[in-house]
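> Before anything else, here's the structure in question.
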Amino acid sequence: MQNIQEYIAQNKERFIDELFELLKIPSISADSAFSQDVINTAEAVRLSLMEAGCDIVEICETDGYPIVYGEKTIDKNLPTVLVYGHYDVQPPDPLDLWDSPPFEPTIKKIPQHPDGAIFARGACDDKGQFYMHVKAVEFMIKTNQLPCNVKFMIEGEEEVGSKSLSAFVADNQEKLANGIILISDTGMIANDVPSITTGLRGLSYVEVEVTGPNRDLHSGLYGGAVANPINVLTKMIASLHDENNHITIPGFYDKVEELTNEERVEMAKAPFNLEDYQKALEIESVYGEKGYTTNERNSIRPTLDVNGIWGGYIGEGAKTVIASKAYAKISMRLVPHQDWKEITRLFTEHFESITPKGVKVKVTPHHGGQGYVTPIDTVGYRAASKAYETAFGKKPIPQRSGGSIPIVSLFEKELGSKTILMGFGLDSDAIHSPNEHFGIWNYLKGIETIPYFYQYFTEMSS
Ligand code: BES
Ligand code: MN
Ligand code: MN
């Protein structure tokens with residue numbers, strides 16, 4: 001019987017070409033100008049699942065973008081793996097910072113990826129990563145080695161909050177029933193340091209608007225005499241952290257789980273070089289909450305960050321003006337036990353309460369979700385760990401990530417299943433940034449690792 005390494009060696013050009021076709025479609029869910037492209041991508045995903053050998057493939061219409069569903073049943077008495085991924089991507093701007101156009105995939109060799117990396121929006125997040133599953137399942141079906149049942153659920157609204165998917169999951173519990181959920185939409189430490197993501201942070205995303213006078217004013221005639229919304233907004237934002245970079249919103253930390261010393265010691269064992277980290281970002285020093293390490297700050301601690309801020313005159317030259325309004329988009333990354341709706345409420349109450357005289361403040365919640373932690377004493381985790389050991393020749397390190405995939409906690413609530421996060425990207429792959437890329441080695445290694453997971457999970461489940 002053919003093994004996965006041989007299959008990859010014989011098909012790798014095709015695997016790369018097929019991914020290129022998917023990457024060429026600008027499936028930007030946030031921008032309605034691209035809605036037809038998002039829909040076309042769903043169709044391309046449908047075809048890919050058919051070609052991989054699924055026996056049922058459906059486009060499930062929603063109030064938003066379609067969910068592509070596929071399944072291959074071997075035997076109802078065997079376990080079922082549910083693969084989740086997303087075919088939508090983040091907007092590519094700022095466009096002028098891309099070295100090659102975001103929707104014209106290009107292979108380039110860079111130090112982190114000496115075998116070459118595919119540069120395109122969505123290469124790593126998440127087209128390249130969910131497509132590894134399509135190809136791994138293709139291998140198992142075509143060579144009669146699929147040891148259990150598989151279901152696919154690939155959505156098109158992850159980057160905008162997975163609104164339609166929440167309802168779809170709640171309404172289709174039977175259809176989606178599974179023994180384990182498998183997702184590749186995270187990263188690992190390094191190509192020679194495999195890791196499995198065991199935690200995701202929650203998220204609360206809000207937009208704030210500060211309104212001063214009813215119109216823009218001459219900054220000489222009125223400056224100093226009326227509240228300037230931009231001055232006020234920046235002051236309000238600055239007050240959200242204290243001198244130790246703790247967040248000042250009352251009640252914000254109430255439910256935060258403190259790790260035990262042992263857990264922190266365990267975490268600190270993961271390979272990490274602060275100098276390399278700073279060098280890669282061209283910063284002289286890291287920055288963050290007092291009392292915590294960099295890896296703690298970006299995974300087990302909650303944060304508050306401004307993601308965008310605007311108002312007033314930003315065109316060429318100078319214009320003397322006091323704007324009527326100022327705005328900011330603010331994200332709060334949350335840790336397990338913090339409830340995102342409660343945090344949104346605490347933020348809103350606090351932000352309103354610190355509004356100075358002379359302006360009005362409006363807080364609009366966007367979206368959010370709960371964090372997630374995967375236990376490592378389960379069949380799913382053990383099977384994943386063994387799969388990495390087989391493919392990489394090294395035991396993977398469990399590591400919590402700072403990113404969010406809010407739907408994962410909902411899967412547990414609605415479907416009662418645990419999720420295994422087998423990510424093959426690197427933090428340096430520039431997801432959401434210009435020049436996003438995915439290593440070809442990583443892409444092929446993912447395709448190689450996944451079938452081992454199916455094998456071990458099925459063996460360990462019986
Ligand atoms: N795939 C990412 C999340 C991610 C990346 C988790 C790397 C861990 C490691 C996902 O597509 C994403 O970007 N999520 C958003 C939240 C979403 C609600 C827009 C995020 O984390 O900002
Ligand atoms: Mn993603
Ligand atoms: Mn993303």
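Lettering and numbering for the structure tokens are positional, with chains as A, B, ... in the shown order, residues counted from 1 in each chain, and ligands counted from 1 in the shown order.
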Write as an MDAnalysis selection string the residues around ligand 1, taking 7 Å as the cut-off and counting only C-alpha atoms and all ligand atoms.
chainID A and resid 125:126 158:161 185:187 200 367:368 401:406
> Applying 9 Å and only C-alpha atoms, which residues near stretch 232-239 of chain A remain after dropping the ones on its own chain fewer than 6 positions away? List them as a ChimeraX atom specification.
/A:208-210,247-248,306,326-328,351,354-356,359
> Rank nothing, just name the residue among A:Ser48, A:Gln90, A:Thr390, A:Ser32 nearest to A:Glu448, using only C-alpha atoms.
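Among A:Ser48, A:Gln90, A:Thr390, A:Ser32, it is A:Thr390 that comes nearest to A:Glu448.
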> When DSSP works through the backbone of this structure, what residues of stretch 286-438 of chain A end up as alpha helix (DSSP H), shown as an NGL selection string?
:A and (294-297 or 340-353 or 379-392 or 407-415)
> Find the residues near A:Pro213: any atom within 12 Å, counting only C-alpha atoms, skip ones fewer than 5 places away on the same chain, and give them as a PyMOL selection string.
chain A and resi 218+222-223+225-230+321-326+357-360
> Once you have the residues from the selection above, write them out as a short mmCIF file (atom, residue, chain, number, x, y, z; two decimals), in the first residue's frame, restricted to N, CA, C and O atoms.

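Result went into part18.cif, see below:
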data_model
loop_
_atom_site.label_atom_id
_atom_site.label_comp_id
_atom_site.auth_asym_id
_atom_site.auth_seq_id
_atom_site.Cartn_x
_atom_site.Cartn_y
_atom_site.Cartn_z
N HIS A 218 -12.63 75.94 13.41
CA HIS A 218 -11.31 76.56 13.23
C HIS A 218 -10.53 76.39 14.53
O HIS A 218 -11.02 76.78 15.60
N TYR A 222 -11.58 78.51 17.98
CA TYR A 222 -12.25 77.73 19.04
C TYR A 222 -11.30 76.91 19.90
O TYR A 222 -11.67 76.45 20.97
N GLY A 223 -10.06 76.67 19.41
CA GLY A 223 -9.11 75.81 20.14
C GLY A 223 -8.86 76.30 21.54
O GLY A 223 -8.70 77.51 21.76
N ALA A 225 -11.00 76.39 23.87
CA ALA A 225 -12.25 76.82 24.50
C ALA A 225 -13.33 75.75 24.47
O ALA A 225 -14.29 75.81 25.24
N VAL A 226 -13.19 74.77 23.56
CA VAL A 226 -14.14 73.65 23.53
C VAL A 226 -13.33 72.35 23.56
O VAL A 226 -12.15 72.33 23.21
N ALA A 227 -13.99 71.29 23.99
CA ALA A 227 -13.30 70.00 24.05
C ALA A 227 -12.96 69.53 22.64
O ALA A 227 -13.81 69.58 21.74
N ASN A 228 -11.72 69.10 22.45
CA ASN A 228 -11.29 68.53 21.17
C ASN A 228 -11.46 67.01 21.26
O ASN A 228 -10.77 66.35 22.04
N PRO A 229 -12.38 66.44 20.50
CA PRO A 229 -12.66 64.99 20.63
C PRO A 229 -11.43 64.10 20.47
O PRO A 229 -11.34 63.06 21.13
N ILE A 230 -10.49 64.50 19.62
CA ILE A 230 -9.30 63.66 19.46
C ILE A 230 -8.43 63.73 20.71
O ILE A 230 -7.96 62.70 21.21
N VAL A 321 -7.82 72.61 12.25
CA VAL A 321 -9.20 72.22 12.47
C VAL A 321 -9.36 71.44 13.77
O VAL A 321 -8.47 70.67 14.16
N ILE A 322 -10.45 71.66 14.44
CA ILE A 322 -10.86 70.80 15.55
C ILE A 322 -12.02 69.98 15.04
O ILE A 322 -13.08 70.52 14.68
N ALA A 323 -11.80 68.67 14.97
CA ALA A 323 -12.82 67.80 14.39
C ALA A 323 -14.01 67.68 15.34
O ALA A 323 -13.87 67.78 16.56
N SER A 324 -15.16 67.44 14.74
CA SER A 324 -16.36 67.22 15.55
C SER A 324 -16.34 65.85 16.20
O SER A 324 -16.89 65.65 17.28
N LYS A 325 -15.69 64.88 15.52
CA LYS A 325 -15.73 63.49 16.03
C LYS A 325 -14.36 62.81 15.98
O LYS A 325 -13.54 63.14 15.12
N ALA A 326 -14.18 61.86 16.87
CA ALA A 326 -12.99 61.01 16.84
C ALA A 326 -13.42 59.58 17.12
O ALA A 326 -14.42 59.35 17.82
N LYS A 357 -16.70 66.26 30.69
CA LYS A 357 -17.73 67.22 30.26
C LYS A 357 -17.35 67.77 28.88
O LYS A 357 -16.18 67.92 28.57
N GLY A 358 -18.33 68.06 28.08
CA GLY A 358 -18.04 68.71 26.80
C GLY A 358 -18.02 67.78 25.61
O GLY A 358 -17.93 68.23 24.47
N VAL A 359 -18.08 66.46 25.86
CA VAL A 359 -18.17 65.51 24.73
C VAL A 359 -19.22 64.45 25.07
O VAL A 359 -19.59 64.26 26.23
N LYS A 360 -19.66 63.76 24.02
CA LYS A 360 -20.54 62.60 24.20
C LYS A 360 -19.78 61.38 23.69
O LYS A 360 -18.99 61.47 22.75
#
